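**Q** Just one file: input-v5.cif, with mmCIF, C-alpha atoms.
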```cif
data_query
loop_
_atom_site.label_atom_id
_atom_site.label_comp_id
_atom_site.auth_asym_id
_atom_site.auth_seq_id
_atom_site.Cartn_x
_atom_site.Cartn_y
_atom_site.Cartn_z
CA MET D 223 29.23 -2.80 17.77
CA SER D 224 30.37 -6.26 18.86
CA LYS D 225 29.91 -9.31 16.63
CA ILE D 226 27.36 -10.73 19.07
CA ALA D 227 25.37 -7.49 19.03
CA VAL D 228 25.42 -7.47 15.23
CA LEU D 229 24.16 -11.06 15.13
CA PHE D 230 21.31 -10.26 17.51
CA PHE D 231 20.40 -7.20 15.43
CA LEU D 232 20.32 -9.22 12.20
CA LEU D 233 18.25 -11.92 13.88
CA PHE D 234 15.79 -9.30 15.12
CA ILE D 235 15.42 -7.77 11.66
CA SER D 236 14.96 -11.23 10.09
CA CYS D 237 12.25 -12.20 12.58
CA ALA D 238 10.53 -8.86 12.21
CA GLN D 239 10.50 -9.20 8.43
CA ASP D 240 8.98 -12.69 8.69
CA GLU D 241 6.26 -11.36 10.96
CA ILE D 242 5.35 -8.33 8.89
CA ASN D 243 5.64 -9.97 5.47
CA PRO D 244 5.36 -13.75 5.94
CA SER D 245 4.61 -14.59 2.32
CA ALA D 246 5.69 -13.13 -1.00
CA ASP D 247 3.43 -15.56 -2.89
CA TYR D 248 0.66 -12.96 -3.07
CA ILE D 249 2.60 -10.18 -4.79
CA PRO D 250 0.37 -8.97 -7.67
CA LYS D 251 1.35 -9.61 -11.26
CA ILE D 252 2.61 -6.36 -12.74
CA ALA D 253 1.05 -4.53 -15.67
CA LYS D 254 3.15 -1.43 -16.42
CA GLY D 255 6.06 -1.32 -14.04
CA TYR D 256 8.99 -3.15 -12.53
CA ILE D 257 9.26 -4.61 -9.05
CA ILE D 258 11.06 -2.70 -6.30
CA PRO D 259 11.30 -4.80 -3.13
CA HIS D 260 11.80 -2.76 0.02
CA THR D 261 12.35 -4.24 3.46
CA TYR D 262 8.71 -4.38 4.51
CA PHE D 263 6.70 -3.63 1.37
CA THR D 264 6.93 -4.15 -2.39
CA LEU D 265 6.24 -1.64 -5.16
CA SER D 266 5.64 -2.01 -8.86
CA TYR D 267 7.03 1.23 -10.28
CA SER D 268 5.71 2.68 -13.55
CA PRO D 269 8.42 4.90 -15.10
CA SER D 270 5.98 6.49 -17.54
CA ASP D 271 3.77 7.64 -14.65
CA ARG D 272 6.64 8.35 -12.23
CA GLN D 273 4.90 6.52 -9.41
CA ALA D 274 3.98 3.01 -8.33
CA GLU D 275 1.04 1.16 -9.81
CA TYR D 276 0.72 -0.59 -6.46
CA ALA D 277 2.22 -1.02 -3.00
CA PHE D 278 1.83 -4.49 -1.48
CA TYR D 279 2.48 -5.53 2.12
CA TYR D 280 1.35 -7.59 5.07
CA LEU D 281 -0.14 -5.39 7.80
CA SER D 282 0.63 -7.05 11.12
CA VAL D 283 -0.53 -6.21 14.63
CA ALA D 284 3.11 -5.64 15.64
CA SER D 285 3.60 -3.11 12.86
CA ILE D 286 0.52 -1.12 13.86
CA LYS D 287 1.37 -1.18 17.57
CA GLY D 288 5.06 -0.34 17.10
CA MET D 289 6.60 2.66 18.84
CA GLN D 290 8.47 4.19 15.90
CA GLU D 291 7.56 7.84 15.34
CA ARG D 292 6.92 9.36 11.93
CA THR D 293 10.16 10.42 10.20
CA ASP D 294 8.93 12.69 7.35
CA ASP D 295 12.21 12.07 5.49
CA PHE D 296 10.79 12.37 1.96
CA ARG D 297 13.55 11.49 -0.52
CA ILE D 298 14.48 9.91 -3.84
CA ASP D 299 14.15 6.13 -3.96
CA PRO D 300 17.63 4.83 -4.86
CA SER D 301 16.04 1.76 -6.48
CA VAL D 302 14.26 3.79 -9.17
CA LYS D 303 16.28 3.17 -12.32
CA SER D 304 15.89 6.53 -14.09
CA ASN D 305 14.20 9.94 -13.82
CA PRO D 306 13.42 9.60 -10.08
CA VAL D 307 10.91 11.83 -8.32
CA MET D 308 12.49 14.29 -5.88
CA SER D 309 11.05 15.39 -2.56
CA THR D 310 10.37 18.82 -4.09
CA SER D 311 8.67 17.56 -7.27
CA TYR D 312 5.15 18.23 -5.92
CA GLN D 313 5.94 21.78 -4.82
CA GLY D 314 3.38 24.32 -5.97
CA SER D 315 1.18 21.65 -7.57
CA GLY D 316 -1.68 21.84 -5.07
CA PHE D 317 -1.43 18.07 -4.52
CA ASP D 318 -0.26 16.17 -1.44
CA ARG D 319 2.54 13.64 -1.56
CA GLY D 320 0.08 10.87 -0.79
CA HIS D 321 1.42 7.63 0.67
CA LEU D 322 0.39 4.34 -0.94
CA ALA D 323 1.91 2.30 1.88
CA PRO D 324 0.91 4.55 4.82
CA ALA D 325 3.50 5.59 7.39
CA ALA D 326 1.15 4.66 10.24
CA ASP D 327 1.11 1.05 9.01
CA PHE D 328 4.89 0.76 9.50
CA LYS D 329 5.67 1.68 13.10
CA LEU D 330 7.67 -1.49 13.74
CA ASN D 331 11.09 0.16 13.51
CA LEU D 332 13.04 2.98 11.89
CA ILE D 333 13.71 1.09 8.64
CA ALA D 334 10.03 0.25 8.17
CA MET D 335 8.91 3.82 8.82
CA SER D 336 11.62 5.60 6.87
CA GLU D 337 11.22 3.56 3.69
CA THR D 338 7.58 4.66 3.39
CA PHE D 339 8.92 8.16 2.67
CA PHE D 340 10.64 7.15 -0.56
CA MET D 341 9.04 9.26 -3.30
CA SER D 342 8.30 6.06 -5.25
CA ASN D 343 5.66 5.41 -2.57
CA MET D 344 3.93 8.75 -3.26
CA SER D 345 1.09 9.57 -5.60
CA PRO D 346 -0.57 12.97 -6.19
CA MET D 347 -3.65 13.23 -3.97
CA THR D 348 -5.92 16.20 -3.48
CA PRO D 349 -5.64 17.47 0.11
CA SER D 350 -9.36 16.94 0.77
CA PHE D 351 -8.99 13.31 -0.31
CA ASN D 352 -5.66 12.46 1.31
CA ARG D 353 -6.50 14.06 4.67
CA GLY D 354 -10.17 13.09 4.58
CA ILE D 355 -11.85 9.94 3.35
CA TRP D 356 -8.57 8.26 2.29
CA SER D 357 -7.18 8.76 5.78
CA ASN D 358 -10.43 7.37 7.21
CA LEU D 359 -10.08 4.26 5.05
CA GLU D 360 -6.48 3.76 6.21
CA ASP D 361 -7.66 3.98 9.84
CA LYS D 362 -10.35 1.36 9.22
CA VAL D 363 -7.92 -0.99 7.50
CA ARG D 364 -5.71 -0.84 10.60
CA GLU D 365 -8.76 -1.48 12.79
CA ASN D 366 -9.61 -4.57 10.74
CA ALA D 367 -6.01 -5.78 10.85
CA LEU D 368 -6.01 -5.53 14.63
CA ASN D 369 -9.35 -7.34 14.89
CA LEU D 370 -8.31 -10.12 12.50
CA GLY D 371 -4.69 -10.55 13.55
CA GLY D 372 -3.18 -9.14 10.35
CA VAL D 373 -4.20 -8.68 6.70
CA TYR D 374 -2.61 -8.30 3.29
CA VAL D 375 -3.04 -4.91 1.62
CA VAL D 376 -2.62 -3.76 -1.98
CA THR D 377 -3.02 -0.04 -2.67
CA GLY D 378 -2.54 1.98 -5.81
CA PRO D 379 -3.66 4.60 -8.29
CA VAL D 380 -5.83 3.76 -11.28
CA LEU D 381 -3.43 4.76 -14.04
CA SER D 382 -5.77 3.93 -16.90
CA ASN D 383 -7.87 7.03 -16.12
CA THR D 384 -5.77 10.08 -15.36
CA CYS D 385 -6.34 13.76 -14.62
CA GLY D 386 -3.26 15.47 -16.03
CA THR D 387 0.32 15.66 -14.80
CA ILE D 388 2.48 17.64 -12.37
CA GLY D 389 6.18 18.07 -11.69
CA GLY D 390 7.57 17.10 -15.07
CA GLY D 391 5.33 14.19 -15.96
CA ILE D 392 4.04 12.77 -12.69
CA THR D 393 0.61 11.35 -13.54
CA VAL D 394 -2.32 12.62 -11.49
CA PRO D 395 -4.71 9.69 -10.95
CA CYS D 396 -8.45 10.33 -11.01
CA SER D 397 -9.04 7.48 -8.56
CA PHE D 398 -7.36 5.09 -6.12
CA TYR D 399 -8.06 1.56 -4.92
CA LYS D 400 -7.40 -0.68 -1.93
CA VAL D 401 -7.68 -4.46 -1.78
CA ILE D 402 -7.60 -6.17 1.63
CA PHE D 403 -7.25 -9.92 2.05
CA LYS D 404 -7.43 -12.11 5.14
CA GLU D 405 -6.15 -15.64 4.59
CA GLY D 406 -7.08 -18.68 6.67
CA SER D 407 -9.74 -21.37 6.86
CA SER D 408 -12.43 -18.79 6.08
CA PRO D 409 -10.62 -16.32 3.82
CA LYS D 410 -12.17 -13.02 2.85
CA MET D 411 -11.37 -10.17 0.51
CA ILE D 412 -12.76 -6.69 -0.01
CA GLY D 413 -12.05 -3.89 -2.49
CA PHE D 414 -12.50 -0.12 -2.45
CA LEU D 415 -12.45 2.35 -5.33
CA LEU D 416 -12.49 6.08 -4.55
CA SER D 417 -12.27 9.24 -6.64
CA ASN D 418 -9.32 11.52 -5.94
CA SER D 419 -11.51 14.11 -4.21
CA GLY D 420 -13.06 14.76 -0.83
CA SER D 421 -16.23 12.95 0.22
CA SER D 422 -18.40 12.71 3.33
CA LEU D 423 -20.08 9.48 2.22
CA PRO D 424 -19.69 6.30 4.31
CA LEU D 425 -16.83 4.01 3.27
CA LYS D 426 -19.28 1.21 2.43
CA ASN D 427 -20.42 3.33 -0.54
CA PHE D 428 -17.03 2.74 -2.16
CA ILE D 429 -16.92 -1.05 -1.89
CA VAL D 430 -16.48 -2.73 -5.27
CA SER D 431 -15.53 -6.22 -6.37
CA VAL D 432 -11.82 -6.92 -6.76
CA ASP D 433 -12.68 -8.13 -10.26
CA GLU D 434 -13.68 -4.55 -11.11
CA ILE D 435 -10.38 -3.18 -9.82
CA GLU D 436 -8.45 -5.77 -11.83
CA LYS D 437 -10.25 -4.71 -15.02
CA LEU D 438 -9.40 -1.04 -14.40
CA THR D 439 -5.76 -1.64 -13.52
CA ASN D 440 -4.91 -4.70 -15.64
CA LEU D 441 -3.34 -6.19 -12.50
CA ASP D 442 -3.87 -9.70 -11.17
CA PHE D 443 -4.28 -9.86 -7.38
CA PHE D 444 -3.67 -12.96 -5.26
CA SER D 445 -3.33 -15.16 -8.33
CA SER D 446 -1.61 -17.93 -6.33
CA LEU D 447 -4.91 -18.76 -4.63
CA PRO D 448 -6.84 -21.77 -5.98
CA ASP D 449 -8.93 -20.60 -8.94
CA ASP D 450 -12.29 -21.33 -7.32
CA VAL D 451 -11.32 -19.51 -4.12
CA GLU D 452 -9.87 -16.55 -6.00
CA GLY D 453 -12.94 -16.30 -8.25
CA SER D 454 -15.37 -16.33 -5.34
CA LEU D 455 -13.44 -13.83 -3.23
CA GLU D 456 -12.79 -11.40 -6.07
CA ALA D 457 -16.46 -11.32 -7.11
CA ASN D 458 -17.57 -10.39 -3.59
CA LYS D 459 -19.02 -6.95 -2.85
CA SER D 460 -20.27 -7.65 0.67
CA PRO D 461 -18.71 -6.07 3.79
CA LEU D 462 -19.81 -9.10 5.82
CA GLY D 463 -17.02 -10.08 8.22
CA TRP D 464 -15.35 -6.68 7.98
CA SER D 465 -15.85 -3.56 10.11
CA PHE D 466 -16.29 -0.95 7.39
#
```
Could I get this structure in the form of structure tokens?
**A**
Amino acid sequence: MSKIAVLFFLLFISCAQDEINPSADYIPKIAKGYIIPHTYFTLSYSPSDRQAEYAFYYLSVASIKGMQERTDDFRIDPSVKSNPVMSTSYQGSGFDRGHLAPAADFKLNLIAMSETFFMSNMSPMTPSFNRGIWSNLEDKVRENALNLGGVYVVTGPVLSNTCGTIGGGITVPCSFYKVIFKEGSSPKMIGFLLSNSGSSLPLKNFIVSVDEIEKLTNLDFFSSLPDDVEGSLEANKSPLGWSF
């Protein structure tokens, strides 16, 4: 590859990164883990649970509308410092390798897509949950991101309430959460808390305040916002302004 081609490639990647993750100011404060920054999303990895306590990213229109196909290249995350989870660690457990940062949110390019298949981005999900209501929620988050021109997303397991282990100490969470934030002149935030099981209930039944999620996870979301704005947004339980 010529030097000019390399420069254009690096410029493209830099611009794409700025578009998909324009601000690192909102990365949640960690509780149990250590930060692993990937190209287009950030994890806080909990070694004792062998999974992330959250995945954080900016979900852009470009990332949703990208042309990159799913890679399914599940593999060890080289940034995990010790005792990494292998692609086969869930075998025979009855649980799905459930994405925290969903593959369908990262269609911008090959790097974006492929990094979602690091095993650090997986958490044990029951098949009826992962392929059912959780998948429905992911679809609706993308719909909202398209309607609003991009949103911030934080997703993770609730590791304070667990349902056993699999694969040599991988914690099975009893529930999962999502926090979605739209910044701007009229910012809004919404939280969801769902049990790790199938459900046919409407998504609005699982809306909770972000304050409640923070108490369960001991995480601090969007702490760089002014205190009065953060307090108001995180106490909200209304779906007003969202299409859920």
**Q** Compile the contact shell of range 417-425 of chain D as a PyMOL selection string: residues with an atom at most 12 Å away, counting only C-alpha atoms, same-chain residues fewer than 2 positions apart removed.
**A** chain D and resi 317-318+320+345-363+378-380+383-385+394-400+412-415+427-430+461+464-466
**Q** Apply the PyMOL selection byres ((chain D and resi 432) around 9) to the displayed file and report the matching residues as JSON, numbers by chain.
**A** {"D": [401, 411, 412, 413, 414, 430, 431, 433, 434, 435, 436, 437, 443, 455, 456, 457, 458, 459]}
**Q** Grab the CA of Leu381 in chain D to CA of Glu405 in chain D distance for me, in Å with one decimal place.
**A**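 It comes out at 27.8 Å.
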**Q** Which is closest to Ile286 in chain D among D:His260, D:Lys303, D:Lys254, D:Arg364, if we use all atoms listed in the file?
**A** D:Arg364
**Q** With distances taken over only C-alpha atoms, which of D:Ile252, D:Val451, D:Val283, D:Leu322 is nearest to Lys410 in chain D?
**A** D:Val451
**Q** Could you spell out the hits of the PyMOL selection byres ((chain D and resi 272) around 9) on the shown file, as a list in words?
**A** Tyr267, Ser268, Pro269, Ser270, Asp271, Gln273, Ala274, Asn305, Pro306, Val307, Ser342, Ser345, Gly391, Ile392 and Thr393 of chain D
**Q** Which residue gives the smallest distance to Ala326 in chain D among D:Ser309, D:Thr377, D:Gln290, D:Asn440, with all atoms listed in the file counted?
**A**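 Result for the nearest residue to Ala326 in chain D: D:Gln290.
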**Q** Separation of CA of Ala325 in chain D and CA of Ala246 in chain D, in Å?
**A** 20.6 Å
**Q** Hey, can you check how far CA of Ala284 in chain D sits from CA of Thr261 in chain D?
**A**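 According to the coordinates, CA of Ala284 in chain D and CA of Thr261 in chain D are separated by 15.4 Å.
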**Q** Excluding Ser311 in chain D and residues on its chain fewer than 2 positions from it, collect all residues at most 9 Å away from it, counting only C-alpha atoms, and give them as a list in words.
**A**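 With the cut-off at 9 Å, the set is Val307, Met308, Ser309, Gln313, Gly314, Ser315, Ile388, Gly389, Gly390 and Ile392 of chain D.
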**Q** Ranking D:Gly453, D:Gly255, D:Ser460, D:Asn366 by minimum distance to Lys426 in chain D and counting only C-alpha atoms, which one comes first?
**A** D:Ser460
**Q** Check the smallest atom-to-atom distance from each of D:Ile258, D:Ile298, D:Ala277, D:Ala253 to Ala323 in chain D using all atoms listed in the file, then report the winner.
**A**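 Closest to Ala323 in chain D, using all atoms listed in the file: D:Ala277.
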**Q** Written as a list in words, what is the full residue list that the PyMOL selection byres ((chain D and resi 285) around 9) yields on the file shown?
**A**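 Those residues are Glu241, Ile242, Leu281, Ser282, Val283, Ala284, Ile286, Lys287, Gly288, Met289, Ala326, Asp327, Phe328, Lys329, Leu330, Asn331 and Ala334 of chain D.
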**Q** Ranking D:Thr387, D:Ser304, D:Asp442, D:Gly463 by minimum distance to Gly316 in chain D and counting only C-alpha atoms, which one comes first?
**A** D:Thr387
**Q** Give me the residues within 12 Å of Arg297 in chain D as a list in words, counting all atoms listed in the file and dropping any in the same chain fewer than 3 places off.
**A** Thr293, Asp294, Pro300, Ser301, Val302, Pro306, Val307, Met308, Ser309, Thr310, Ser311, Arg319, Ser336, Glu337, Thr338, Phe339, Phe340, Met341, Ser342, Asn343 and Met344 of chain D
